[in-house]
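S.K.: Following this message is one structure expressed as structure tokens.
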Amino acid sequence: MHSRLSPLLVALLLSAVLLCLGTSPSHAETPKDDGGVRLVSVDLSIGGLPVTVRAGGVASVHPDAPFRVLGAKSDSWLNMGLSYRLAGFPEVDLKHYHTLSKLLGPRLYSTDSLELEVLKNGQKIGSVGLLVRLLPIDWLRRAAKATELSRKIQFTERALELNPDDPLMIERLADLYAEAGRFSQAAELLSSHGRSQQDPRWLERLANLYIAAGQKEQAAAALSKLVALHTGDQVLIERLAQLYEDLGRWEEAATLLEKLSNLQSGADKADTLTRLSKAQESGGQNERALASLEKAVLLDSSRPELWQELARLRGGTGDKKGALQALERAAALSPKNRALHLELSQAFQAAGDKAKAALEMEKVAAMDPQNPAPLLNLATQYEQSGNRKALAGVYKRLAKLQPDDPDLAYNLAVLAMEDDKPALALQYLATVEKARPGDADVGEIKLRLLLSLERWGQALETAAQLLKQKPQDLDLWLSVLDQLVQTQPVMASELLEQVLAKNPKSVRLFKLKAAMALEDKRPEDAIAALNKAVELGPKDLKLKFQLAGLLEAEDRDPEALKAYEAILDADPNFPQAEERYLSVRTRLLRHSNSSPSKQ
């Protein structure tokens, strides 16, 4: 059988045919007993070319190259009775042309060589090897037919092993690695070839692979070489600057961004200057960062985010006035930006301009009417500025959002009470009582409201309950009693006894009891109450002086004299004590002298 290969393929196959002379241990054979005959060489035709292979040697044969045995030589003087056999293929007639591809089929790619045996009179006298010589194109064809990506990669790797410096093959394998997500391996493969150091296309691919692999440092190195080759390419400069920003290499990023800004104009330049400002600030160059952003704002003054960033930078350098002006400009350019107006409100508040702070917070509240947070903030601002009318309005708006909120109802009740609207305050307080039954603070406000409304029965009932919760709050009870004394003395007396039962050692309560007794023209009860007060507060000379005066007014001079004596013993200079003492003593002496003597 003759070759049907095209002239081009034949030339390719012929170039792959190798003749290996010498002895190979894998194919050397010890001759059998046949008069000691040994094989010397075998003559082959490979791809139409005669090839002589010495015994034990090998011949490289391309799978598509037709081969056959032309003859053989032994060390016998007569080469008669020789025959040939291909190990594993005893049926193959080697005097005719064959190809390894047809003989091996699919096993071709897993078979390294075949043994061609020479026999004399049926006895093996030696052999040569047929080395399966695959070319890169063979593996590439197999890769092209493969359906699995892993097999494509495997076959392409085999092809590259045969021609490791082929740039096209390297690119092909790198593409397959990338397709499989093996970006680091693809990048490593490309970087191993010299073209990756100077070829712009390879540098571009290498940078992309490094980025895909998350190796930003290596990507930056590749792009920096590319930028050096194309110094005015804005896209490349921007990409490298972005990488430096991602890596936190701020000085290098700033250098590139400044260069890029010099190549741009208008809004693009403003964007780059903004990035330059951030890079400079991150690198600790705050003054330069502010200068760069000022230039950006001049180029594109319609962007509120630039003004907002400018406000931040100005504030960072201590220019609070300039920061506030920039923030106002930002808010004016973005009237529906809730967060921006909230920030401006906070800035006005920090600057002490409460009116403008409240105005901006009102805008925030209007943009988010269902959110109570801005209203609560407003309530704080109006409370601090003393704007009670506005504060009440805010609480009412909050109450509509949260009608059952006890905190809001409590605040509204307090405001209504302070505005002398006790009935309205009680309405709000009912919501609080429902949510906080038994709350002492709520009970105190309720008691005061009931008293102001002259609802005496409810007031007394509330007082009795509150007395269980706040029995020692004398300021509260003295205030309540003082209010009752003028209009409801009987109720005041009854409540006073209840409070005294809880505070039996209170000087203040006994003084009040004495005052109430005098008001009710019950001097003896007043003297008894004052006596108890003096007993509880023996060092209170003013109280003793008051008691002495009351005893004197009730013609109880002996007792009054003793009281004045006690005062003078404690403080000889107590105002009017000596005068009153002398007056009472004189009166007693006069009375004693005018009385008839006892028999």
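Within each chain, counting starts at residue 1; across the structure tokens, chains are named A, B, ... in the order shown, with ligands numbered 1 upward in that order.
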Just the residues within 12 Å of Leu467 in chain A, please, counting only C-alpha atoms, with nothing from its chain fewer than 6 positions along; format it as a list in words.

M.R.: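 Counting only the stated atoms, we get Gly438, Ala440, Asp441, Gly443, Glu444, Leu447, Ala459, Leu460, Glu461, Asp473, Leu474, Leu476, Trp477, Val480, Leu495, Leu496, Glu497, Gln498, Val499, Leu500, Ala501, Lys502 and Asn503 of chain A.
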
S.K.: So, with only C-alpha atoms as the atoms that count, which of A:Ser83, A:Ser101, A:Gln123, A:Ser191 lies closest to Gln218 in chain A?

M.R.: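 Between A:Ser83, A:Ser101, A:Gln123, A:Ser191, the residue approaching Gln218 in chain A most closely is A:Ser191.
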
S.K.: Can you check which residues of range 479-547 of chain A DSSP gives as alpha helix (DSSP H) on the backbone and send them as number ranges by chain?

M.R.: A: 479-487, 489-502, 507-519, 523-536, 541-547

S.K.: Skip range 553-570 of chain A itself and residues of its chain fewer than 3 positions away, then list as a list in words all residues within 6 Å of it, counting only C-alpha atoms.

M.R.: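 Residues near the query, excluding close chain neighbours: Ala548, Leu550 and Tyr581 of chain A.
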
S.K.: Between A:Ser282, A:Arg275, A:Lys434, A:Glu383, which is the closest to Arg249 in chain A once you count only C-alpha atoms?

M.R.: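 The shortest atom-to-atom distance to Arg249 in chain A comes from A:Ser282.
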
S.K.: Skip Ala515 in chain A itself and residues of its chain fewer than 5 positions away, then list as a PyMOL selection string all residues within 9 Å of it, counting only C-alpha atoms.

M.R.: chain A and resi 510+520+526+529

S.K.: Fewer than 2 positions away in the same chain doesn't count, so skip those; otherwise give me all residues within 10 Å of Leu226 in chain A, counting only C-alpha atoms, as a PDB file with N, CA, C and O atoms, in the first residue's frame.

M.R.:
```pdb
ATOM      1  N   GLN A 197       7.002  40.683  28.137  1.00  0.00           N
ATOM      2  CA  GLN A 197       7.703  41.821  28.709  1.00  0.00           C
ATOM      3  C   GLN A 197       7.694  43.050  27.805  1.00  0.00           C
ATOM      4  O   GLN A 197       8.029  44.142  28.250  1.00  0.00           O
ATOM      5  N   GLN A 198       7.295  42.862  26.531  1.00  0.00           N
ATOM      6  CA  GLN A 198       7.384  43.987  25.599  1.00  0.00           C
ATOM      7  C   GLN A 198       6.238  44.072  24.603  1.00  0.00           C
ATOM      8  O   GLN A 198       5.992  45.135  24.034  1.00  0.00           O
ATOM      9  N   ASP A 199       5.526  42.986  24.384  1.00  0.00           N
ATOM     10  CA  ASP A 199       4.428  42.991  23.417  1.00  0.00           C
ATOM     11  C   ASP A 199       3.193  43.615  24.080  1.00  0.00           C
ATOM     12  O   ASP A 199       2.671  43.072  25.058  1.00  0.00           O
ATOM     13  N   PRO A 200       2.698  44.750  23.580  1.00  0.00           N
ATOM     14  CA  PRO A 200       1.545  45.404  24.208  1.00  0.00           C
ATOM     15  C   PRO A 200       0.321  44.503  24.341  1.00  0.00           C
ATOM     16  O   PRO A 200      -0.377  44.534  25.353  1.00  0.00           O
ATOM     17  N   ARG A 201       0.096  43.704  23.282  1.00  0.00           N
ATOM     18  CA  ARG A 201      -1.075  42.825  23.329  1.00  0.00           C
ATOM     19  C   ARG A 201      -0.928  41.784  24.439  1.00  0.00           C
ATOM     20  O   ARG A 201      -1.874  41.481  25.162  1.00  0.00           O
ATOM     21  N   TRP A 202       0.256  41.237  24.593  1.00  0.00           N
ATOM     22  CA  TRP A 202       0.487  40.251  25.647  1.00  0.00           C
ATOM     23  C   TRP A 202       0.418  40.899  27.032  1.00  0.00           C
ATOM     24  O   TRP A 202      -0.096  40.306  27.980  1.00  0.00           O
ATOM     25  N   LEU A 203       0.969  42.090  27.150  1.00  0.00           N
ATOM     26  CA  LEU A 203       0.900  42.789  28.425  1.00  0.00           C
ATOM     27  C   LEU A 203      -0.556  43.069  28.827  1.00  0.00           C
ATOM     28  O   LEU A 203      -0.925  42.950  30.000  1.00  0.00           O
ATOM     29  N   GLU A 204      -1.359  43.428  27.833  1.00  0.00           N
ATOM     30  CA  GLU A 204      -2.790  43.673  28.088  1.00  0.00           C
ATOM     31  C   GLU A 204      -3.472  42.403  28.590  1.00  0.00           C
ATOM     32  O   GLU A 204      -4.220  42.419  29.569  1.00  0.00           O
ATOM     33  N   ALA A 207      -2.274  41.484  32.109  1.00  0.00           N
ATOM     34  CA  ALA A 207      -2.893  42.321  33.142  1.00  0.00           C
ATOM     35  C   ALA A 207      -4.319  41.862  33.432  1.00  0.00           C
ATOM     36  O   ALA A 207      -4.740  41.768  34.593  1.00  0.00           O
ATOM     37  N   ALA A 220      -0.843  45.424  38.221  1.00  0.00           N
ATOM     38  CA  ALA A 220      -0.312  46.785  38.188  1.00  0.00           C
ATOM     39  C   ALA A 220       1.076  46.812  37.547  1.00  0.00           C
ATOM     40  O   ALA A 220       1.406  47.733  36.785  1.00  0.00           O
ATOM     41  N   ALA A 221       1.871  45.788  37.854  1.00  0.00           N
ATOM     42  CA  ALA A 221       3.211  45.728  37.259  1.00  0.00           C
ATOM     43  C   ALA A 221       3.129  45.600  35.743  1.00  0.00           C
ATOM     44  O   ALA A 221       3.873  46.256  34.995  1.00  0.00           O
ATOM     45  N   ALA A 222       2.196  44.750  35.253  1.00  0.00           N
ATOM     46  CA  ALA A 222       2.034  44.574  33.813  1.00  0.00           C
ATOM     47  C   ALA A 222       1.516  45.858  33.159  1.00  0.00           C
ATOM     48  O   ALA A 222       2.005  46.288  32.107  1.00  0.00           O
ATOM     49  N   LEU A 223       0.542  46.490  33.796  1.00  0.00           N
ATOM     50  CA  LEU A 223      -0.024  47.714  33.224  1.00  0.00           C
ATOM     51  C   LEU A 223       0.977  48.860  33.238  1.00  0.00           C
ATOM     52  O   LEU A 223       0.965  49.717  32.351  1.00  0.00           O
ATOM     53  N   SER A 224       1.838  48.892  34.254  1.00  0.00           N
ATOM     54  CA  SER A 224       2.829  49.969  34.300  1.00  0.00           C
ATOM     55  C   SER A 224       3.788  49.878  33.109  1.00  0.00           C
ATOM     56  O   SER A 224       4.207  50.894  32.552  1.00  0.00           O
ATOM     57  N   ALA A 228       4.082  52.649  30.089  1.00  0.00           N
ATOM     58  CA  ALA A 228       5.385  53.167  29.657  1.00  0.00           C
ATOM     59  C   ALA A 228       5.523  53.115  28.134  1.00  0.00           C
ATOM     60  O   ALA A 228       6.200  53.938  27.529  1.00  0.00           O
ATOM     61  N   LEU A 229       4.848  52.136  27.503  1.00  0.00           N
ATOM     62  CA  LEU A 229       4.884  52.022  26.038  1.00  0.00           C
ATOM     63  C   LEU A 229       3.905  52.981  25.369  1.00  0.00           C
ATOM     64  O   LEU A 229       4.115  53.384  24.223  1.00  0.00           O
ATOM     65  N   HIS A 230       2.813  53.331  26.090  1.00  0.00           N
ATOM     66  CA  HIS A 230       1.780  54.222  25.532  1.00  0.00           C
ATOM     67  C   HIS A 230       1.527  55.336  26.551  1.00  0.00           C
ATOM     68  O   HIS A 230       0.525  55.336  27.275  1.00  0.00           O
ATOM     69  N   THR A 231       2.412  56.288  26.606  1.00  0.00           N
ATOM     70  CA  THR A 231       2.400  57.305  27.667  1.00  0.00           C
ATOM     71  C   THR A 231       1.176  58.219  27.649  1.00  0.00           C
ATOM     72  O   THR A 231       0.841  58.815  28.664  1.00  0.00           O
ATOM     73  N   ASP A 233      -2.003  57.244  26.624  1.00  0.00           N
ATOM     74  CA  ASP A 233      -3.248  56.479  26.563  1.00  0.00           C
ATOM     75  C   ASP A 233      -4.032  56.689  27.858  1.00  0.00           C
ATOM     76  O   ASP A 233      -3.688  56.152  28.910  1.00  0.00           O
ATOM     77  N   LEU A 236      -5.506  53.455  29.601  1.00  0.00           N
ATOM     78  CA  LEU A 236      -4.509  52.684  30.339  1.00  0.00           C
ATOM     79  C   LEU A 236      -4.123  53.389  31.637  1.00  0.00           C
ATOM     80  O   LEU A 236      -3.982  52.747  32.689  1.00  0.00           O
ATOM     81  N   ILE A 237      -3.939  54.691  31.571  1.00  0.00           N
ATOM     82  CA  ILE A 237      -3.569  55.450  32.770  1.00  0.00           C
ATOM     83  C   ILE A 237      -4.670  55.327  33.822  1.00  0.00           C
ATOM     84  O   ILE A 237      -4.393  55.136  35.018  1.00  0.00           O
ATOM     85  N   LEU A 240      -4.630  51.803  35.419  1.00  0.00           N
ATOM     86  CA  LEU A 240      -3.526  51.634  36.362  1.00  0.00           C
ATOM     87  C   LEU A 240      -3.768  52.454  37.629  1.00  0.00           C
ATOM     88  O   LEU A 240      -3.499  51.991  38.745  1.00  0.00           O
TER      89      LEU A 240
END
```

S.K.: Nearest to Lys95 in chain A: which of A:Asp75, A:Asp482, A:Asp43, A:Glu188 is it, counting only C-alpha atoms?

M.R.: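 Among the listed residues, A:Asp43 lies closest to Lys95 in chain A.
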
S.K.: For each of A:Ile137, A:Gly81, A:Leu260, A:Ala159, take the minimum atom-to-atom distance to Gly122 in chain A, counting only C-alpha atoms, then give the residue where this is smallest.

M.R.: A:Gly81

S.K.: Find the distance between CA of Ser506 in chain A and CA of Glu535 in chain A and write it in Å to one decimal.

M.R.: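 Atom-to-atom, CA of Ser506 in chain A and CA of Glu535 in chain A are spaced 10.7 Å apart.
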
S.K.: Excluding Lys320 in chain A and residues on its chain fewer than 4 positions from it, collect all residues at most 12 Å away from it, counting only C-alpha atoms, and give them as a PyMOL selection string.

M.R.: chain A and resi 310-316+324-327+347-348+350-351

S.K.: With N, CA and C atoms kept, could you save the residues just selected as a PDB file, in the first residue's frame?

M.R.:
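Done, and the output landed in again.pdb:
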```pdb
ATOM      1  N   LEU A 310     -16.547  68.852  49.446  1.00  0.00           N
ATOM      2  CA  LEU A 310     -15.783  70.064  49.718  1.00  0.00           C
ATOM      3  C   LEU A 310     -16.059  70.565  51.134  1.00  0.00           C
ATOM      4  N   ALA A 311     -17.309  70.458  51.547  1.00  0.00           N
ATOM      5  CA  ALA A 311     -17.660  70.866  52.914  1.00  0.00           C
ATOM      6  C   ALA A 311     -16.903  70.019  53.935  1.00  0.00           C
ATOM      7  N   ARG A 312     -16.805  68.741  53.667  1.00  0.00           N
ATOM      8  CA  ARG A 312     -16.095  67.850  54.587  1.00  0.00           C
ATOM      9  C   ARG A 312     -14.610  68.218  54.678  1.00  0.00           C
ATOM     10  N   LEU A 313     -13.992  68.457  53.520  1.00  0.00           N
ATOM     11  CA  LEU A 313     -12.569  68.786  53.519  1.00  0.00           C
ATOM     12  C   LEU A 313     -12.308  70.141  54.166  1.00  0.00           C
ATOM     13  N   ARG A 314     -13.169  71.100  53.886  1.00  0.00           N
ATOM     14  CA  ARG A 314     -12.993  72.409  54.515  1.00  0.00           C
ATOM     15  C   ARG A 314     -13.125  72.302  56.032  1.00  0.00           C
ATOM     16  N   GLY A 315     -14.097  71.524  56.453  1.00  0.00           N
ATOM     17  CA  GLY A 315     -14.259  71.319  57.892  1.00  0.00           C
ATOM     18  C   GLY A 315     -13.039  70.670  58.507  1.00  0.00           C
ATOM     19  N   GLY A 316     -12.418  69.758  57.768  1.00  0.00           N
ATOM     20  CA  GLY A 316     -11.231  69.075  58.267  1.00  0.00           C
ATOM     21  C   GLY A 316     -10.039  69.997  58.430  1.00  0.00           C
ATOM     22  N   LEU A 324     -19.742  75.176  55.979  1.00  0.00           N
ATOM     23  CA  LEU A 324     -21.188  75.390  56.049  1.00  0.00           C
ATOM     24  C   LEU A 324     -21.711  75.975  54.744  1.00  0.00           C
ATOM     25  N   GLN A 325     -20.972  76.890  54.145  1.00  0.00           N
ATOM     26  CA  GLN A 325     -21.388  77.473  52.867  1.00  0.00           C
ATOM     27  C   GLN A 325     -21.448  76.396  51.770  1.00  0.00           C
ATOM     28  N   ALA A 326     -20.446  75.525  51.749  1.00  0.00           N
ATOM     29  CA  ALA A 326     -20.417  74.461  50.745  1.00  0.00           C
ATOM     30  C   ALA A 326     -21.581  73.498  50.953  1.00  0.00           C
ATOM     31  N   LEU A 327     -21.895  73.206  52.209  1.00  0.00           N
ATOM     32  CA  LEU A 327     -22.991  72.289  52.496  1.00  0.00           C
ATOM     33  C   LEU A 327     -24.332  72.916  52.126  1.00  0.00           C
ATOM     34  N   ALA A 347     -25.310  70.638  60.983  1.00  0.00           N
ATOM     35  CA  ALA A 347     -24.226  71.620  60.876  1.00  0.00           C
ATOM     36  C   ALA A 347     -24.674  72.975  61.420  1.00  0.00           C
ATOM     37  N   PHE A 348     -25.903  73.380  61.094  1.00  0.00           N
ATOM     38  CA  PHE A 348     -26.426  74.649  61.628  1.00  0.00           C
ATOM     39  C   PHE A 348     -26.543  74.580  63.146  1.00  0.00           C
ATOM     40  N   ALA A 350     -24.726  72.777  65.155  1.00  0.00           N
ATOM     41  CA  ALA A 350     -23.378  72.859  65.717  1.00  0.00           C
ATOM     42  C   ALA A 350     -22.852  74.291  65.687  1.00  0.00           C
ATOM     43  N   ALA A 351     -23.297  75.039  64.658  1.00  0.00           N
ATOM     44  CA  ALA A 351     -22.851  76.434  64.531  1.00  0.00           C
ATOM     45  C   ALA A 351     -23.656  77.377  65.418  1.00  0.00           C
TER      46      ALA A 351
END
```

S.K.: Looking only at the backbone, which of the residues in range 109-291 of chain A does DSSP tag as strand (DSSP E), as a PyMOL selection string?

M.R.: chain A and resi 113-120+123-132

S.K.: Which neighbours of Ala267 in chain A fall inside 8 Å, counting only C-alpha atoms, when residues of the same chain fewer than 3 positions from it are skipped, and could you give them as a list in words?

M.R.: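 Listing them by chain and then by number gives Ala270, Asp271, Leu299 and Asp300 of chain A.
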
S.K.: With N, CA, C and O atoms retained, write the just-selected residues as a tab-separated table (two decimals), in the first residue's frame.

M.R.:
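Generated file (part_27.tsv):
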```
chain	number	residue	atom	x	y	z
A	270	ALA	N	-13.08	67.01	36.04
A	270	ALA	CA	-13.61	67.19	37.40
A	270	ALA	C	-13.66	65.85	38.14
A	270	ALA	O	-13.31	65.77	39.33
A	271	ASP	N	-14.10	64.81	37.44
A	271	ASP	CA	-14.14	63.48	38.06
A	271	ASP	C	-12.75	63.03	38.48
A	271	ASP	O	-12.55	62.51	39.59
A	299	LEU	N	-14.86	73.42	37.92
A	299	LEU	CA	-15.13	72.83	36.60
A	299	LEU	C	-16.55	72.31	36.49
A	299	LEU	O	-17.15	72.34	35.41
A	300	ASP	N	-17.09	71.81	37.57
A	300	ASP	CA	-18.44	71.23	37.54
A	300	ASP	C	-19.15	71.60	38.84
A	300	ASP	O	-19.19	70.82	39.79
```

S.K.: Which residues of range 435-489 of chain A sit at most 12 Å from range 405-413 of chain A, using only C-alpha atoms? Give each one's shortest atom pair and distance in Å (one decimal place), in chain and ascending residue order, as a tab-separated table.

M.R.:
```
residue	atom	partner	partner_atom	distance
A:Ala435	CA	A:Pro406	CA	6.2
A:Arg436	CA	A:Pro406	CA	7.8
A:Pro437	CA	A:Pro406	CA	11.0
A:Asp439	CA	A:Pro406	CA	11.5
A:Asp441	CA	A:Tyr410	CA	10.0
A:Val442	CA	A:Tyr410	CA	8.0
A:Gly443	CA	A:Tyr410	CA	11.5
A:Ile445	CA	A:Ala413	CA	8.7
A:Lys446	CA	A:Ala413	CA	9.5
A:Arg448	CA	A:Ala413	CA	11.8
A:Leu449	CA	A:Ala413	CA	9.8
```

S.K.: Atoms to include: C-alpha atoms. Write the selected residues as a short mmCIF file (atom, residue, chain, number, x, y, z; two decimals), in the first residue's frame.

M.R.:
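So out.cif came out as:
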```cif
data_model
loop_
_atom_site.label_atom_id
_atom_site.label_comp_id
_atom_site.auth_asym_id
_atom_site.auth_seq_id
_atom_site.Cartn_x
_atom_site.Cartn_y
_atom_site.Cartn_z
CA ALA A 435 -50.01 52.32 79.06
CA ARG A 436 -48.46 52.88 82.49
CA PRO A 437 -51.00 52.02 85.16
CA ASP A 439 -47.02 55.28 87.42
CA ASP A 441 -45.11 60.57 88.06
CA VAL A 442 -48.29 60.31 86.03
CA GLY A 443 -50.32 60.22 89.25
CA ILE A 445 -49.47 65.32 87.32
CA LYS A 446 -53.02 64.00 87.41
CA ARG A 448 -52.28 68.66 90.18
CA LEU A 449 -54.60 68.79 87.17
#
```

S.K.: Using only C-alpha atoms, which residue out of A:Ile527, A:Ile170, A:Ala180, A:Ala332 lies closest to Arg195 in chain A?

M.R.: A:Ile170
